[in-house]
Amino acid sequence: MVVDGAQTGHHDIADRIRPLMQRANVARIYYCHGFASHFETNKDKVRALSAAAIVDGNTVDYTLPPHKVFESFQKAMSARRNHLFVGTSMDGFFAAWLGTELGFPYVAINPAATP
């Protein structure tokens, strides 16, 4: 699912994601953080998503080549199932790529088309 971030704020993202999680039969969210950022549970986006489900994530180095970033996420997800990938902008690109390649449902909010 691709979401227009201009139409969806932090306050209603959980409401938009819950039905998708139910249809996909997933119980947790895996959040792909943005460029020059890191995964942290007290960030606004993570707190907003946590209204829908438990949010997991890890910090990756986006300055690495894209295939290395993908491998980092892939390694983090190797033992996890039953997750919905969520990301915005460049991490929306990775959420879509990871979801497609690994068979996870995903939500890409204003994804970068060519990072």
# chains A, B, ... in the order shown; residues from 1 in each chain; ligands from 1

$ select_by_dssp --residues "stretch 56-105 of chain A" --states "alpha helix (DSSP H)" --output "number ranges by chain"
A: 66-77, 90-102

$ closest_atom_pairs --of "stretch 31-80 of chain A" --to "stretch 86-109 of chain A" --cutoff "7 Å" --atoms "only C-alpha atoms" --output "CSV"
residue,atom,partner,partner_atom,distance
A:Tyr31,CA,A:Val86,CA,5.0
A:Cys32,CA,A:Gly87,CA,5.0
A:His33,CA,A:Asp91,CA,5.9
A:Gly34,CA,A:Asp91,CA,5.2
A:Phe35,CA,A:Met90,CA,6.7

$ closest_residue --among "A:Ala113, A:Ile17, A:Val69, A:Leu64" --to "A:Ile29" --atoms "only C-alpha atoms"
A:Ile17

$ select_by_dssp --residues "chain A" --states "strand (DSSP E)" --output "PyMOL selection string"
chain A and resi 2-3+28-32+54-56+83-88+106-109

$ write_last_selection --atoms "C-alpha atoms" --output "compact mmCIF listing (two decimals), in the first residue's frame"
# COMPACT_ATOMS: atom_id res chain seq x y z
CA VAL A 2 1.29 3.45 -0.87
CA VAL A 3 -0.03 6.35 1.21
CA ARG A 28 3.57 -6.35 14.52
CA ILE A 29 5.05 -3.45 12.58
CA TYR A 30 8.65 -3.25 11.39
CA TYR A 31 9.56 0.42 10.93
CA CYS A 32 12.24 1.40 8.40
CA ILE A 54 4.07 -3.26 18.67
CA VAL A 55 6.75 -1.57 16.55
CA ASP A 56 10.13 -3.18 15.94
CA HIS A 83 5.25 -8.12 10.40
CA LEU A 84 4.05 -5.20 8.33
CA PHE A 85 6.88 -3.08 6.89
CA VAL A 86 6.27 0.67 7.18
CA GLY A 87 8.49 3.48 5.91
CA THR A 88 8.36 7.04 4.61
CA TYR A 106 4.14 -3.08 3.44
CA VAL A 107 3.00 0.52 3.64
CA ALA A 108 5.16 3.08 1.83
CA ILE A 109 4.31 6.66 2.76

$ decode --residues "stretch 58-107 of chain A" --atoms "N, CA and C atoms" --output "mmCIF file, in the first residue's frame"
data_model
loop_
_atom_site.group_PDB
_atom_site.id
_atom_site.type_symbol
_atom_site.label_atom_id
_atom_site.label_comp_id
_atom_site.auth_asym_id
_atom_site.auth_seq_id
_atom_site.Cartn_x
_atom_site.Cartn_y
_atom_site.Cartn_z
ATOM 1 N N ASN A 58 15.386 -1.504 13.530
ATOM 2 C CA ASN A 58 16.809 -1.451 13.830
ATOM 3 C C ASN A 58 17.408 -0.295 13.042
ATOM 4 N N THR A 59 18.584 0.111 13.426
ATOM 5 C CA THR A 59 19.255 1.225 12.754
ATOM 6 C C THR A 59 20.155 0.673 11.658
ATOM 7 N N VAL A 60 20.005 1.239 10.465
ATOM 8 C CA VAL A 60 20.854 0.850 9.341
ATOM 9 C C VAL A 60 21.599 2.075 8.824
ATOM 10 N N ASP A 61 22.692 1.834 8.126
ATOM 11 C CA ASP A 61 23.524 2.901 7.566
ATOM 12 C C ASP A 61 23.158 3.102 6.100
ATOM 13 N N TYR A 62 22.368 4.133 5.822
ATOM 14 C CA TYR A 62 21.916 4.401 4.453
ATOM 15 C C TYR A 62 23.020 4.942 3.552
ATOM 16 N N THR A 63 24.214 5.191 4.093
ATOM 17 C CA THR A 63 25.305 5.642 3.223
ATOM 18 C C THR A 63 25.959 4.458 2.505
ATOM 19 N N LEU A 64 25.606 3.236 2.916
ATOM 20 C CA LEU A 64 26.102 2.044 2.231
ATOM 21 C C LEU A 64 25.380 1.882 0.899
ATOM 22 N N PRO A 65 25.930 1.103 -0.028
ATOM 23 C CA PRO A 65 25.215 0.834 -1.280
ATOM 24 C C PRO A 65 23.850 0.196 -0.971
ATOM 25 N N PRO A 66 22.846 0.461 -1.810
ATOM 26 C CA PRO A 66 21.493 -0.049 -1.534
ATOM 27 C C PRO A 66 21.419 -1.546 -1.241
ATOM 28 N N HIS A 67 22.188 -2.363 -1.956
ATOM 29 C CA HIS A 67 22.115 -3.806 -1.695
ATOM 30 C C HIS A 67 22.626 -4.160 -0.300
ATOM 31 N N LYS A 68 23.571 -3.379 0.236
ATOM 32 C CA LYS A 68 24.071 -3.603 1.595
ATOM 33 C C LYS A 68 23.015 -3.191 2.625
ATOM 34 N N VAL A 69 22.311 -2.101 2.343
ATOM 35 C CA VAL A 69 21.222 -1.672 3.231
ATOM 36 C C VAL A 69 20.144 -2.757 3.241
ATOM 37 N N PHE A 70 19.799 -3.264 2.066
ATOM 38 C CA PHE A 70 18.812 -4.337 1.960
ATOM 39 C C PHE A 70 19.261 -5.544 2.778
ATOM 40 N N GLU A 71 20.527 -5.925 2.657
ATOM 41 C CA GLU A 71 21.052 -7.074 3.411
ATOM 42 C C GLU A 71 20.949 -6.847 4.915
ATOM 43 N N SER A 72 21.182 -5.619 5.347
ATOM 44 C CA SER A 72 21.073 -5.304 6.773
ATOM 45 C C SER A 72 19.642 -5.515 7.268
ATOM 46 N N PHE A 73 18.668 -5.000 6.501
ATOM 47 C CA PHE A 73 17.271 -5.216 6.866
ATOM 48 C C PHE A 73 16.914 -6.704 6.778
ATOM 49 N N GLN A 74 17.390 -7.364 5.735
ATOM 50 C CA GLN A 74 17.089 -8.785 5.538
ATOM 51 C C GLN A 74 17.607 -9.607 6.717
ATOM 52 N N LYS A 75 18.808 -9.303 7.175
ATOM 53 C CA LYS A 75 19.389 -10.006 8.321
ATOM 54 C C LYS A 75 18.537 -9.782 9.565
ATOM 55 N N ALA A 76 18.100 -8.556 9.783
ATOM 56 C CA ALA A 76 17.264 -8.240 10.942
ATOM 57 C C ALA A 76 15.932 -8.974 10.890
ATOM 58 N N MET A 77 15.426 -9.233 9.682
ATOM 59 C CA MET A 77 14.118 -9.876 9.529
ATOM 60 C C MET A 77 14.193 -11.388 9.406
ATOM 61 N N SER A 78 15.382 -11.961 9.370
ATOM 62 C CA SER A 78 15.516 -13.391 9.091
ATOM 63 C C SER A 78 14.746 -14.273 10.077
ATOM 64 N N ALA A 79 14.662 -13.876 11.328
ATOM 65 C CA ALA A 79 13.961 -14.695 12.328
ATOM 66 C C ALA A 79 12.559 -14.165 12.624
ATOM 67 N N ARG A 80 12.135 -13.142 11.931
ATOM 68 C CA ARG A 80 10.832 -12.541 12.198
ATOM 69 C C ARG A 80 9.847 -12.861 11.095
ATOM 70 N N ARG A 81 8.629 -13.084 11.486
ATOM 71 C CA ARG A 81 7.525 -13.230 10.544
ATOM 72 C C ARG A 81 6.370 -12.428 11.106
ATOM 73 N N ASN A 82 5.317 -12.373 10.369
ATOM 74 C CA ASN A 82 4.097 -11.745 10.868
ATOM 75 C C ASN A 82 4.285 -10.248 11.146
ATOM 76 N N HIS A 83 5.025 -9.561 10.274
ATOM 77 C CA HIS A 83 5.253 -8.124 10.402
ATOM 78 C C HIS A 83 4.732 -7.382 9.172
ATOM 79 N N LEU A 84 4.378 -6.140 9.395
ATOM 80 C CA LEU A 84 4.055 -5.200 8.325
ATOM 81 C C LEU A 84 5.207 -4.215 8.240
ATOM 82 N N PHE A 85 5.839 -4.085 7.073
ATOM 83 C CA PHE A 85 6.880 -3.076 6.885
ATOM 84 C C PHE A 85 6.226 -1.718 6.692
ATOM 85 N N VAL A 86 6.755 -0.693 7.359
ATOM 86 C CA VAL A 86 6.268 0.673 7.182
ATOM 87 C C VAL A 86 7.476 1.584 7.047
ATOM 88 N N GLY A 87 7.426 2.500 6.070
ATOM 89 C CA GLY A 87 8.485 3.480 5.907
ATOM 90 C C GLY A 87 7.990 4.691 5.152
ATOM 91 N N THR A 88 8.688 5.810 5.331
ATOM 92 C CA THR A 88 8.359 7.039 4.615
ATOM 93 C C THR A 88 9.571 7.512 3.819
ATOM 94 N N SER A 89 9.300 8.164 2.696
ATOM 95 C CA SER A 89 10.335 8.721 1.835
ATOM 96 C C SER A 89 11.319 7.630 1.415
ATOM 97 N N MET A 90 12.619 7.802 1.694
ATOM 98 C CA MET A 90 13.574 6.788 1.266
ATOM 99 C C MET A 90 13.310 5.459 1.964
ATOM 100 N N ASP A 91 12.928 5.501 3.226
ATOM 101 C CA ASP A 91 12.635 4.247 3.907
ATOM 102 C C ASP A 91 11.329 3.638 3.397
ATOM 103 N N GLY A 92 10.472 4.444 2.777
ATOM 104 C CA GLY A 92 9.302 3.908 2.089
ATOM 105 C C GLY A 92 9.721 3.076 0.892
ATOM 106 N N PHE A 93 10.750 3.535 0.194
ATOM 107 C CA PHE A 93 11.324 2.760 -0.910
ATOM 108 C C PHE A 93 11.796 1.404 -0.399
ATOM 109 N N PHE A 94 12.553 1.419 0.721
ATOM 110 C CA PHE A 94 13.064 0.164 1.267
ATOM 111 C C PHE A 94 11.942 -0.712 1.814
ATOM 112 N N ALA A 95 10.930 -0.127 2.430
ATOM 113 C CA ALA A 95 9.794 -0.917 2.927
ATOM 114 C C ALA A 95 9.127 -1.650 1.763
ATOM 115 N N ALA A 96 8.937 -0.949 0.640
ATOM 116 C CA ALA A 96 8.319 -1.576 -0.535
ATOM 117 C C ALA A 96 9.233 -2.655 -1.123
ATOM 118 N N TRP A 97 10.508 -2.373 -1.245
ATOM 119 C CA TRP A 97 11.459 -3.333 -1.795
ATOM 120 C C TRP A 97 11.542 -4.574 -0.902
ATOM 121 N N LEU A 98 11.707 -4.356 0.404
ATOM 122 C CA LEU A 98 11.795 -5.479 1.337
ATOM 123 C C LEU A 98 10.505 -6.286 1.355
ATOM 124 N N GLY A 99 9.387 -5.601 1.436
ATOM 125 C CA GLY A 99 8.107 -6.296 1.456
ATOM 126 C C GLY A 99 7.910 -7.154 0.229
ATOM 127 N N THR A 100 8.233 -6.600 -0.925
ATOM 128 C CA THR A 100 8.078 -7.329 -2.183
ATOM 129 C C THR A 100 9.026 -8.526 -2.250
ATOM 130 N N GLU A 101 10.283 -8.300 -1.938
ATOM 131 C CA GLU A 101 11.288 -9.364 -2.049
ATOM 132 C C GLU A 101 11.144 -10.447 -0.985
ATOM 133 N N LEU A 102 10.749 -10.064 0.236
ATOM 134 C CA LEU A 102 10.697 -11.022 1.336
ATOM 135 C C LEU A 102 9.296 -11.562 1.595
ATOM 136 N N GLY A 103 8.310 -11.041 0.868
ATOM 137 C CA GLY A 103 6.956 -11.548 1.013
ATOM 138 C C GLY A 103 6.196 -11.004 2.210
ATOM 139 N N PHE A 104 6.539 -9.800 2.663
ATOM 140 C CA PHE A 104 5.848 -9.152 3.766
ATOM 141 C C PHE A 104 4.909 -8.080 3.206
ATOM 142 N N PRO A 105 3.779 -7.845 3.849
ATOM 143 C CA PRO A 105 2.969 -6.697 3.446
ATOM 144 C C PRO A 105 3.718 -5.415 3.834
ATOM 145 N N TYR A 106 3.431 -4.330 3.133
ATOM 146 C CA TYR A 106 4.139 -3.083 3.436
ATOM 147 C C TYR A 106 3.235 -1.879 3.207
ATOM 148 N N VAL A 107 3.604 -0.786 3.876
ATOM 149 C CA VAL A 107 3.002 0.520 3.644
ATOM 150 C C VAL A 107 4.147 1.478 3.373
#
